[in-house]
>>> print(open('upload-v7.pdb').read())   # PDB, C-alpha atoms
ATOM      1  CA  MET A 274       3.330  10.955 -39.223
ATOM      2  CA  ASN A 275       1.661   8.193 -41.118
ATOM      3  CA  ILE A 276       1.540   5.390 -38.601
ATOM      4  CA  PHE A 277       0.473   2.873 -41.207
ATOM      5  CA  LYS A 278       3.460   3.514 -43.409
ATOM      6  CA  LEU A 279       5.974   0.713 -43.135
ATOM      7  CA  SER A 280       9.679   1.118 -42.948
ATOM      8  CA  PRO A 281      11.544  -0.736 -45.733
ATOM      9  CA  ARG A 282      13.673  -2.434 -43.048
ATOM     10  CA  GLN A 283      10.697  -4.255 -41.597
ATOM     11  CA  THR A 284      10.481  -7.798 -42.801
ATOM     12  CA  PRO A 285       7.884 -10.391 -41.878
ATOM     13  CA  ARG A 286       9.315 -13.037 -39.508
ATOM     14  CA  ALA A 287       6.294 -14.965 -38.304
ATOM     15  CA  THR A 288       2.518 -14.642 -38.527
ATOM     16  CA  ASN A 289       2.148 -12.501 -35.438
ATOM     17  CA  THR A 290       5.231 -10.376 -36.056
ATOM     18  CA  ILE A 291       4.335  -9.219 -39.540
ATOM     19  CA  PHE A 292       4.794  -5.463 -39.842
ATOM     20  CA  MET A 293       5.607  -5.068 -36.147
ATOM     21  CA  ASN A 294       7.639  -1.895 -35.802
ATOM     22  CA  THR A 295      10.631  -2.909 -33.665
ATOM     23  CA  LYS A 296      11.368   0.628 -32.524
ATOM     24  CA  LEU A 297       7.798   1.159 -31.386
ATOM     25  CA  PHE A 298       7.729  -2.211 -29.679
ATOM     26  CA  ASN A 299      10.954  -1.508 -27.779
ATOM     27  CA  GLU A 300       9.715   1.913 -26.743
ATOM     28  CA  TYR A 301       6.482   0.387 -25.484
ATOM     29  CA  ILE A 302       8.308  -2.315 -23.461
ATOM     30  CA  SER A 303      10.801   0.197 -22.049
ATOM     31  CA  LEU A 304       7.965   2.467 -21.024
ATOM     32  CA  LEU A 305       6.130  -0.317 -19.201
ATOM     33  CA  ALA A 306       9.365  -1.521 -17.592
ATOM     34  CA  SER A 307      10.233   1.990 -16.381
ATOM     35  CA  LEU A 308       6.744   2.534 -15.047
ATOM     36  CA  HIS A 309       6.872  -0.751 -13.150
ATOM     37  CA  ALA A 310      10.426  -0.121 -11.921
ATOM     38  CA  GLY A 311       9.459   3.322 -10.681
ATOM     39  CA  PHE A 312       6.753   1.826  -8.523
ATOM     40  CA  MET A 313       8.790  -1.191  -7.399
ATOM     41  CA  SER A 314      11.870   0.757  -6.397
ATOM     42  CA  GLN A 315       9.726   2.792  -4.014
ATOM     43  CA  HIS A 316       8.443  -0.334  -2.279
ATOM     44  CA  PHE A 317      11.156  -2.943  -2.601
ATOM     45  CA  SER A 318      14.900  -3.010  -2.054
ATOM     46  CA  LEU A 319      15.586  -3.917  -5.693
ATOM     47  CA  VAL A 320      16.989  -1.047  -7.671
ATOM     48  CA  ALA A 321      15.032   0.188 -10.675
ATOM     49  CA  HIS A 322      17.609  -1.175 -13.102
ATOM     50  CA  ALA A 323      17.161  -4.731 -11.767
ATOM     51  CA  VAL A 324      13.392  -4.508 -12.157
ATOM     52  CA  ILE A 325      13.752  -3.266 -15.726
ATOM     53  CA  THR A 326      16.193  -6.081 -16.558
ATOM     54  CA  ALA A 327      13.886  -8.695 -15.040
ATOM     55  CA  PHE A 328      10.866  -7.362 -16.897
ATOM     56  CA  GLU A 329      12.633  -7.091 -20.236
ATOM     57  CA  ALA A 330      14.226 -10.523 -19.827
ATOM     58  CA  GLU A 331      10.846 -12.080 -19.230
ATOM     59  CA  VAL A 332       9.072 -10.342 -22.090
ATOM     60  CA  GLY A 333      12.122 -10.995 -24.268
ATOM     61  CA  LEU A 334      11.382 -14.710 -24.070
ATOM     62  CA  LEU A 335       8.379 -14.109 -26.305
ATOM     63  CA  GLY A 336      10.327 -12.155 -28.912
ATOM     64  CA  GLU A 337       9.200  -8.934 -30.558
ATOM     65  CA  THR A 338       5.659 -10.051 -31.166
ATOM     66  CA  GLU A 339       2.120  -8.890 -30.627
ATOM     67  CA  GLU A 340       1.750 -11.742 -28.138
ATOM     68  CA  ALA A 341       4.685 -10.357 -26.158
ATOM     69  CA  ALA A 342       3.098  -6.897 -26.147
ATOM     70  CA  LYS A 343      -0.131  -8.394 -24.822
ATOM     71  CA  TYR A 344       1.657 -10.509 -22.239
ATOM     72  CA  ALA A 345       3.597  -7.498 -20.913
ATOM     73  CA  ALA A 346       0.396  -5.504 -20.480
ATOM     74  CA  LYS A 347      -1.626  -8.355 -18.978
ATOM     75  CA  ARG A 348       1.159  -9.185 -16.531
ATOM     76  CA  LEU A 349       1.259  -5.649 -15.145
ATOM     77  CA  SER A 350      -2.510  -5.233 -15.250
ATOM     78  CA  ASP A 351      -2.990  -8.432 -13.214
ATOM     79  CA  TYR A 352      -0.294  -7.358 -10.798
ATOM     80  CA  TYR A 353      -1.639  -3.909 -10.057
ATOM     81  CA  SER A 354      -5.173  -5.262  -9.786
ATOM     82  CA  ALA A 355      -3.938  -7.778  -7.206
ATOM     83  CA  LEU A 356      -2.250  -4.953  -5.303
ATOM     84  CA  VAL A 357      -5.256  -2.645  -5.460
ATOM     85  CA  ASN A 358      -7.484  -5.422  -4.153
ATOM     86  CA  ASN A 359      -5.061  -6.302  -1.353
ATOM     87  CA  GLN A 360      -3.716  -2.992  -0.293
ATOM     88  CA  PRO A 361      -4.602  -2.265   3.327
ATOM     89  CA  MET A 362      -4.646   1.469   2.660
ATOM     90  CA  ALA A 363      -6.200   3.408  -0.185
ATOM     91  CA  ASN A 364      -3.460   4.307  -2.624
ATOM     92  CA  ALA A 365      -4.397   6.758  -5.356
ATOM     93  CA  LYS A 366      -1.186   6.249  -7.329
ATOM     94  CA  LEU A 367      -1.702   2.512  -7.376
ATOM     95  CA  LYS A 368      -5.255   2.970  -8.647
ATOM     96  CA  ILE A 369      -4.053   5.243 -11.458
ATOM     97  CA  ILE A 370      -1.505   2.652 -12.611
ATOM     98  CA  ASP A 371      -4.094  -0.125 -12.370
ATOM     99  CA  ASP A 372      -6.621   1.833 -14.456
ATOM    100  CA  MET A 373      -3.978   2.740 -16.976
ATOM    101  CA  MET A 374      -2.809  -0.854 -17.374
ATOM    102  CA  ALA A 375      -6.403  -2.000 -17.841
ATOM    103  CA  GLN A 376      -6.663   0.581 -20.631
ATOM    104  CA  VAL A 377      -3.461  -0.681 -22.219
ATOM    105  CA  VAL A 378      -4.800  -4.244 -22.231
ATOM    106  CA  GLU A 379      -8.037  -2.985 -23.797
ATOM    107  CA  THR A 380      -6.220  -0.924 -26.426
ATOM    108  CA  LEU A 381      -4.202  -3.964 -27.471
ATOM    109  CA  GLU A 382      -7.473  -5.711 -28.340
ATOM    110  CA  TRP A 383      -8.545  -3.008 -30.786
ATOM    111  CA  GLY A 384      -9.037  -4.174 -34.350
ATOM    112  CA  ILE A 385      -6.492  -1.815 -35.854
ATOM    113  CA  HIS A 386      -2.899  -2.310 -36.884
ATOM    114  CA  ILE A 387      -0.555  -3.231 -34.005
ATOM    115  CA  ASN A 388       1.730  -0.266 -34.710
ATOM    116  CA  ALA A 389      -1.198   2.134 -34.373
ATOM    117  CA  ARG A 390      -2.179   0.472 -31.094
ATOM    118  CA  LEU A 391       1.353   0.780 -29.729
ATOM    119  CA  GLU A 392       1.550   4.427 -30.745
ATOM    120  CA  THR A 393      -1.743   5.162 -29.014
ATOM    121  CA  ILE A 394      -0.578   3.437 -25.830
ATOM    122  CA  ILE A 395       2.791   5.185 -25.778
ATOM    123  CA  LEU A 396       1.108   8.539 -26.264
ATOM    124  CA  ASN A 397      -1.457   7.858 -23.534
ATOM    125  CA  ILE A 398       1.125   6.742 -20.982
ATOM    126  CA  LYS A 399       3.376   9.693 -21.708
ATOM    127  CA  THR A 400       0.556  12.186 -21.271
ATOM    128  CA  ILE A 401      -0.539  10.854 -17.870
TER     129      ILE A 401
ATOM    130  CA  MET B 111       5.758 -23.431   9.935
ATOM    131  CA  ASP B 112       5.183 -19.712  10.165
ATOM    132  CA  ILE B 113       2.935 -18.614   7.275
ATOM    133  CA  LYS B 114       5.315 -15.856   6.193
ATOM    134  CA  LYS B 115       8.218 -18.309   5.957
ATOM    135  CA  LEU B 116       6.030 -20.784   4.136
ATOM    136  CA  ARG B 117       4.926 -18.165   1.631
ATOM    137  CA  PHE B 118       8.495 -17.017   1.122
ATOM    138  CA  GLU B 119       9.690 -20.571   0.571
ATOM    139  CA  MET B 120       6.915 -21.323  -1.907
ATOM    140  CA  ILE B 121       7.620 -18.204  -3.957
ATOM    141  CA  MET B 122      11.354 -18.873  -3.901
ATOM    142  CA  SER B 123      10.749 -22.454  -4.987
ATOM    143  CA  LEU B 124       8.693 -21.188  -7.926
ATOM    144  CA  ALA B 125      11.287 -18.533  -8.751
ATOM    145  CA  PHE B 126      14.166 -21.031  -8.783
ATOM    146  CA  MET B 127      12.135 -23.514 -10.795
ATOM    147  CA  HIS B 128      11.266 -20.807 -13.298
ATOM    148  CA  SER B 129      14.786 -19.502 -13.615
ATOM    149  CA  GLU B 130      16.316 -22.960 -14.076
ATOM    150  CA  LEU B 131      13.634 -23.988 -16.522
ATOM    151  CA  MET B 132      14.076 -20.825 -18.559
ATOM    152  CA  ASP B 133      17.782 -21.482 -18.613
ATOM    153  CA  ARG B 134      17.055 -24.820 -20.266
ATOM    154  CA  VAL B 135      14.350 -23.502 -22.576
ATOM    155  CA  ILE B 136      16.470 -20.579 -23.672
ATOM    156  CA  THR B 137      19.129 -22.953 -24.942
ATOM    157  CA  VAL B 138      16.611 -24.171 -27.509
ATOM    158  CA  THR B 139      14.932 -20.829 -28.162
ATOM    159  CA  PRO B 140      17.588 -18.170 -28.665
ATOM    160  CA  PRO B 141      18.184 -15.253 -28.548
ATOM    161  CA  ALA B 142      17.015 -14.315 -25.058
ATOM    162  CA  ASN B 143      20.293 -15.232 -23.362
ATOM    163  CA  LYS B 144      21.606 -11.715 -22.968
ATOM    164  CA  TYR B 145      20.052 -11.480 -19.511
ATOM    165  CA  PRO B 146      21.429 -13.133 -16.351
ATOM    166  CA  LYS B 147      19.613 -16.249 -15.208
ATOM    167  CA  SER B 148      18.773 -14.556 -11.915
ATOM    168  CA  ALA B 149      16.640 -11.991 -13.741
ATOM    169  CA  TYR B 150      13.892 -14.572 -14.226
ATOM    170  CA  ALA B 151      13.871 -15.426 -10.522
ATOM    171  CA  ASP B 152      13.954 -11.749  -9.562
ATOM    172  CA  SER B 153      10.955 -10.997 -11.720
ATOM    173  CA  VAL B 154       8.907 -13.510  -9.731
ATOM    174  CA  THR B 155      10.055 -12.658  -6.234
ATOM    175  CA  ALA B 156      10.128  -8.865  -6.477
ATOM    176  CA  ASP B 157       6.500  -8.569  -7.517
ATOM    177  CA  ALA B 158       5.217 -11.162  -5.087
ATOM    178  CA  HIS B 159       6.877  -9.803  -1.971
ATOM    179  CA  ILE B 160       4.863  -6.599  -2.121
ATOM    180  CA  ILE B 161       1.430  -8.246  -2.149
ATOM    181  CA  PRO B 162       0.243  -8.218   1.477
ATOM    182  CA  ASP B 163      -2.018 -11.268   1.522
ATOM    183  CA  ASP B 164      -0.045 -14.539   1.596
ATOM    184  CA  LYS B 165      -2.357 -16.660  -0.500
ATOM    185  CA  THR B 166      -2.910 -13.886  -3.050
ATOM    186  CA  ALA B 167       0.854 -13.402  -3.394
ATOM    187  CA  CYS B 168       1.373 -17.111  -4.089
ATOM    188  CA  LEU B 169      -1.590 -17.319  -6.455
ATOM    189  CA  TYR B 170      -0.514 -14.237  -8.389
ATOM    190  CA  SER B 171       3.022 -15.600  -8.851
ATOM    191  CA  VAL B 172       1.799 -18.954 -10.086
ATOM    192  CA  LYS B 173      -0.740 -17.369 -12.454
ATOM    193  CA  ARG B 174       1.846 -15.053 -13.901
ATOM    194  CA  VAL B 175       4.463 -17.725 -14.611
ATOM    195  CA  ARG B 176       1.736 -19.986 -15.984
ATOM    196  CA  MET B 177       0.553 -17.238 -18.324
ATOM    197  CA  LEU B 178       4.095 -16.817 -19.621
ATOM    198  CA  TYR B 179       4.474 -20.555 -20.219
ATOM    199  CA  MET B 180       1.136 -20.674 -22.010
ATOM    200  CA  ARG B 181       2.420 -18.074 -24.466
ATOM    201  CA  LEU B 182       5.853 -19.691 -24.764
ATOM    202  CA  MET B 183       4.228 -23.017 -25.590
ATOM    203  CA  GLU B 184       2.655 -21.517 -28.697
ATOM    204  CA  THR B 185       6.060 -21.470 -30.352
ATOM    205  CA  ASN B 186       8.029 -23.930 -28.237
ATOM    206  CA  GLU B 187       7.277 -27.613 -27.918
ATOM    207  CA  ASN B 188       9.670 -28.216 -25.044
ATOM    208  CA  GLU B 189       8.272 -31.079 -22.959
ATOM    209  CA  GLU B 190       9.493 -29.707 -19.648
ATOM    210  CA  LEU B 191       7.769 -26.446 -20.388
ATOM    211  CA  GLN B 192       4.529 -28.313 -21.012
ATOM    212  CA  ALA B 193       4.963 -30.357 -17.834
ATOM    213  CA  ALA B 194       5.630 -27.185 -15.850
ATOM    214  CA  TYR B 195       2.533 -25.575 -17.334
ATOM    215  CA  THR B 196       0.470 -28.576 -16.242
ATOM    216  CA  VAL B 197       1.767 -28.539 -12.689
ATOM    217  CA  LEU B 198       1.276 -24.786 -12.431
ATOM    218  CA  THR B 199      -2.309 -25.198 -13.618
ATOM    219  CA  VAL B 200      -2.949 -27.715 -10.846
ATOM    220  CA  VAL B 201      -1.286 -25.486  -8.249
ATOM    221  CA  MET B 202      -3.274 -22.475  -9.457
ATOM    222  CA  LYS B 203      -6.587 -24.335  -9.269
ATOM    223  CA  GLU B 204      -5.775 -25.567  -5.773
ATOM    224  CA  LEU B 205      -4.794 -22.123  -4.570
ATOM    225  CA  GLU B 206      -8.090 -20.797  -5.895
ATOM    226  CA  LEU B 207     -10.047 -23.168  -3.677
ATOM    227  CA  PRO B 208     -11.300 -21.669  -0.395
ATOM    228  CA  TYR B 209      -8.777 -23.594   1.717
ATOM    229  CA  ASP B 210      -6.938 -22.139   4.664
ATOM    230  CA  ALA B 211      -3.802 -20.289   3.467
ATOM    231  CA  GLN B 212      -1.381 -22.453   5.464
ATOM    232  CA  PHE B 213      -2.801 -25.662   4.001
ATOM    233  CA  ALA B 214      -3.062 -24.294   0.454
ATOM    234  CA  ILE B 215       0.477 -22.875   0.373
ATOM    235  CA  THR B 216       1.958 -26.053   1.897
ATOM    236  CA  ASN B 217       0.256 -28.059  -0.845
ATOM    237  CA  ALA B 218       1.570 -25.716  -3.511
ATOM    238  CA  LEU B 219       5.098 -25.886  -2.113
ATOM    239  CA  ASN B 220       5.012 -29.676  -2.034
ATOM    240  CA  ARG B 221       3.848 -29.863  -5.642
ATOM    241  CA  LEU B 222       6.528 -27.469  -6.852
ATOM    242  CA  ASN B 223       9.256 -29.284  -4.940
ATOM    243  CA  ALA B 224       8.054 -32.618  -6.329
ATOM    244  CA  PHE B 225       8.190 -31.203  -9.852
ATOM    245  CA  ARG B 226      11.708 -29.943  -9.264
ATOM    246  CA  ARG B 227      12.806 -33.336  -7.996
ATOM    247  CA  GLU B 228      11.195 -35.190 -10.924
ATOM    248  CA  HIS B 229      12.820 -32.932 -13.472
ATOM    249  CA  GLY B 230      16.252 -32.824 -11.919
ATOM    250  CA  LEU B 231      16.063 -29.161 -10.996
ATOM    251  CA  ALA B 232      18.038 -28.118  -7.915
ATOM    252  CA  ALA B 233      16.513 -30.041  -5.017
ATOM    253  CA  SER B 234      17.391 -27.613  -2.284
ATOM    254  CA  VAL B 235      18.186 -23.964  -2.156
ATOM    255  CA  ILE B 236      19.507 -21.738   0.564
ATOM    256  CA  VAL B 237      17.815 -18.404   0.541
ATOM    257  CA  ASP B 238      17.789 -15.314   2.686
ATOM    258  CA  MET B 239      14.513 -14.199   4.120
ATOM    259  CA  PRO B 240      14.020 -10.432   3.936
ATOM    260  CA  ASP B 241      14.561 -10.287   7.710
ATOM    261  CA  GLY B 242      17.910 -12.054   7.341
ATOM    262  CA  ILE B 243      16.893 -15.559   8.480
ATOM    263  CA  GLU B 244      18.608 -18.311   6.509
ATOM    264  CA  LEU B 245      16.361 -21.116   5.489
ATOM    265  CA  MET B 246      16.984 -24.486   3.848
ATOM    266  CA  ASN B 247      14.279 -25.729   1.526
ATOM    267  CA  ALA B 248      12.355 -28.691   2.934
ATOM    268  CA  ASP B 249      13.239 -31.278   0.311
TER     269      ASP B 249
END
>>> encode(input="upload-v7.pdb", output="structure tokens")
Amino acid sequence: MNIFKLSPRQTPRATNTIFMNTKLFNEYISLLASLHAGFMSQHFSLVAHAVITAFEAEVGLLGETEEAAKYAAKRLSDYYSALVNNQPMANAKLKIIDDMMAQVVETLEWGIHINARLETIILNIKTI
Amino acid sequence: MDIKKLRFEMIMSLAFMHSELMDRVITVTPPANKYPKSAYADSVTADAHIIPDDKTACLYSVKRVRMLYMRLMETNENEELQAAYTVLTVVMKELELPYDAQFAITNALNRLNAFRREHGLAASVIVDMPDGIELMNAD
């Protein structure tokens, strides 16, 4: 698949949304939301669906933009780092999520097209 | 006041402020209104309750909401959003100082409640502590 090929339905909306692939963006956000919900539902009484709704609602405020993609990653990266640094017991799963989110944040800073970055991230998360 | 109650009250105050503010901001920046208003409050409280250290939990919550506002302000010139960003910056800086947790969180709570009063956000909220205790916000 040529990740740089643009769908004819994609139209530029604002400077930082130009050529953003909506499907890829939604898949990326859903993946992060599910990952977060999976962890949260194990530790908190909120059901996974509520966590996903809350996460998507918050990111949704920023629209389907590169800034929103970065915010979503930074928010989870900061959160899991705070947990890793405060957890009274060593938690291997927590450390894996923290490392992965740090990688996602780093990948989003790469100087390649946003769609390629999102594809790389989705692939990496799915293979872990 | 017990530090756990104080922490809970501070985070709830932030969560309610955030959810009410987003409700106002959303009216001028559609189309994010497909989610219930409570989702914004839930996203603050759920994350924070898991962090064991009281001061870290409060600081993380403030930083996170502040980061969101910083990004929202790039495309939204809402004055309340800017005022909230300013107050959250002050609260964040204060929480970062090496003060005792009780003192730091009390300060943060007072600032958030003052902001809510000044901007006509709900002055008092009744919330349920995780252990079932009902608590009325101080202001």
>>> resolve_selection(input="upload-v7.pdb", expression="the PyMOL selection byres ((chain A and resi 348-359) around 9)", output="MDAnalysis selection string")
(chainID A and resid 305 309 343:347 360:364 367:368 370:378) or (chainID B and resid 157:158 160:163 166:167 170 174 177:178)
>>> atom_distance(input="upload-v7.pdb", atom1="atom CA of B:Leu182", atom2="atom CA of A:Leu335")
6.3 Å
>>> atom_distance(input="upload-v7.pdb", atom1="atom CA of A:Ile395", atom2="atom CA of B:Ala149")
25.1 Å
>>> resolve_selection(input="upload-v7.pdb", expression="the PyMOL selection byres ((chain B and resi 118) around 9)", output="PyMOL selection string")
chain B and resi 113-117+119-123+155+159+164+168+239
>>> closest_residue(input="upload-v7.pdb", among="B:Leu131, B:Ala218, B:Ala156, B:Leu124", to="chain A", atoms="all atoms listed in the file")
B:Ala156
>>> closest_atom_pairs(input="upload-v7.pdb", of="chain A", to="chain B", cutoff="6 Å", atoms="only C-alpha atoms", output="CSV")
residue,atom,partner,partner_atom,distance
A:Ala327,CA,B:Ala149,CA,4.5
A:Ala330,CA,B:Tyr145,CA,5.9
A:Gly333,CA,B:Ala142,CA,6.0
A:Leu334,CA,B:Ala142,CA,5.7
A:Leu356,CA,B:Ile161,CA,5.9
>>> atom_distance(input="upload-v7.pdb", atom1="atom CA of A:Ala323", atom2="atom CA of A:Ala306")
10.2 Å
>>> resolve_selection(input="upload-v7.pdb", expression="the PyMOL selection byres ((chain A and resi 301) around 9)", output="list in words")
Lys296, Leu297, Phe298, Asn299, Glu300, Ile302, Ser303, Leu304, Leu305, Ala306, Ala342, Leu391, Glu392, Ile394 and Ile395 of chain A
>>> axis_aligned_box(input="upload-v7.pdb", around="stretch 120-128 of chain B", padding_each_side="6 Å", output="AutoDock Vina command-line options")
--center_x 10.5 --center_y -20.9 --center_z -7.6 --size_x 19.3 --size_y 17.3 --size_z 23.4
>>> residues_around(input="upload-v7.pdb", residues="stretch 221-234 of chain B", least_positions_apart="3", cutoff="10 Å", atoms="all atoms listed in the file", output="mmCIF file with C-alpha atoms, keeping the file's coordinate frame")
data_model
loop_
_atom_site.group_PDB
_atom_site.id
_atom_site.type_symbol
_atom_site.label_atom_id
_atom_site.label_comp_id
_atom_site.auth_asym_id
_atom_site.auth_seq_id
_atom_site.Cartn_x
_atom_site.Cartn_y
_atom_site.Cartn_z
ATOM 1 C CA MET B 120 6.915 -21.323 -1.907
ATOM 2 C CA ILE B 121 7.620 -18.204 -3.957
ATOM 3 C CA SER B 123 10.749 -22.454 -4.987
ATOM 4 C CA LEU B 124 8.693 -21.188 -7.926
ATOM 5 C CA PHE B 126 14.166 -21.031 -8.783
ATOM 6 C CA MET B 127 12.135 -23.514 -10.795
ATOM 7 C CA HIS B 128 11.266 -20.807 -13.298
ATOM 8 C CA GLU B 130 16.316 -22.960 -14.076
ATOM 9 C CA LEU B 131 13.634 -23.988 -16.522
ATOM 10 C CA GLU B 190 9.493 -29.707 -19.648
ATOM 11 C CA ALA B 193 4.963 -30.357 -17.834
ATOM 12 C CA ALA B 194 5.630 -27.185 -15.850
ATOM 13 C CA VAL B 197 1.767 -28.539 -12.689
ATOM 14 C CA LEU B 198 1.276 -24.786 -12.431
ATOM 15 C CA VAL B 200 -2.949 -27.715 -10.846
ATOM 16 C CA VAL B 201 -1.286 -25.486 -8.249
ATOM 17 C CA ILE B 215 0.477 -22.875 0.373
ATOM 18 C CA THR B 216 1.958 -26.053 1.897
ATOM 19 C CA ASN B 217 0.256 -28.059 -0.845
ATOM 20 C CA ALA B 218 1.570 -25.716 -3.511
ATOM 21 C CA VAL B 237 17.815 -18.404 0.541
ATOM 22 C CA MET B 246 16.984 -24.486 3.848
ATOM 23 C CA ASN B 247 14.279 -25.729 1.526
ATOM 24 C CA ALA B 248 12.355 -28.691 2.934
ATOM 25 C CA ASP B 249 13.239 -31.278 0.311
#
>>> build_atoms(input="upload-v7.pdb", residues="stretch 205-216 of chain B", atoms="N, CA and C atoms", output="tab-separated table (two decimals), in the coordinates of the input")
chain	number	residue	atom	x	y	z
B	205	LEU	N	-4.89	-23.37	-5.34
B	205	LEU	CA	-4.79	-22.12	-4.57
B	205	LEU	C	-6.08	-21.30	-4.67
B	206	GLU	N	-6.83	-21.54	-5.73
B	206	GLU	CA	-8.09	-20.80	-5.90
B	206	GLU	C	-9.21	-21.36	-5.02
B	207	LEU	N	-9.02	-22.58	-4.54
B	207	LEU	CA	-10.05	-23.17	-3.68
B	207	LEU	C	-10.06	-22.46	-2.32
B	208	PRO	N	-11.22	-22.44	-1.65
B	208	PRO	CA	-11.30	-21.67	-0.40
B	208	PRO	C	-10.67	-22.38	0.81
B	209	TYR	N	-9.47	-22.94	0.60
B	209	TYR	CA	-8.78	-23.59	1.72
B	209	TYR	C	-8.06	-22.55	2.57
B	210	ASP	N	-7.75	-22.94	3.76
B	210	ASP	CA	-6.94	-22.14	4.66
B	210	ASP	C	-5.57	-21.88	4.00
B	211	ALA	N	-5.04	-20.68	4.16
B	211	ALA	CA	-3.80	-20.29	3.47
B	211	ALA	C	-2.63	-21.22	3.78
B	212	GLN	N	-2.49	-21.59	5.04
B	212	GLN	CA	-1.38	-22.45	5.46
B	212	GLN	C	-1.41	-23.78	4.71
B	213	PHE	N	-2.61	-24.37	4.66
B	213	PHE	CA	-2.80	-25.66	4.00
B	213	PHE	C	-2.56	-25.52	2.49
B	214	ALA	N	-3.16	-24.49	1.91
B	214	ALA	CA	-3.06	-24.29	0.45
B	214	ALA	C	-1.62	-24.04	0.02
B	215	ILE	N	-0.90	-23.22	0.77
B	215	ILE	CA	0.48	-22.88	0.37
B	215	ILE	C	1.41	-24.08	0.60
B	216	THR	N	1.14	-24.84	1.66
B	216	THR	CA	1.96	-26.05	1.90
B	216	THR	C	1.80	-27.02	0.72
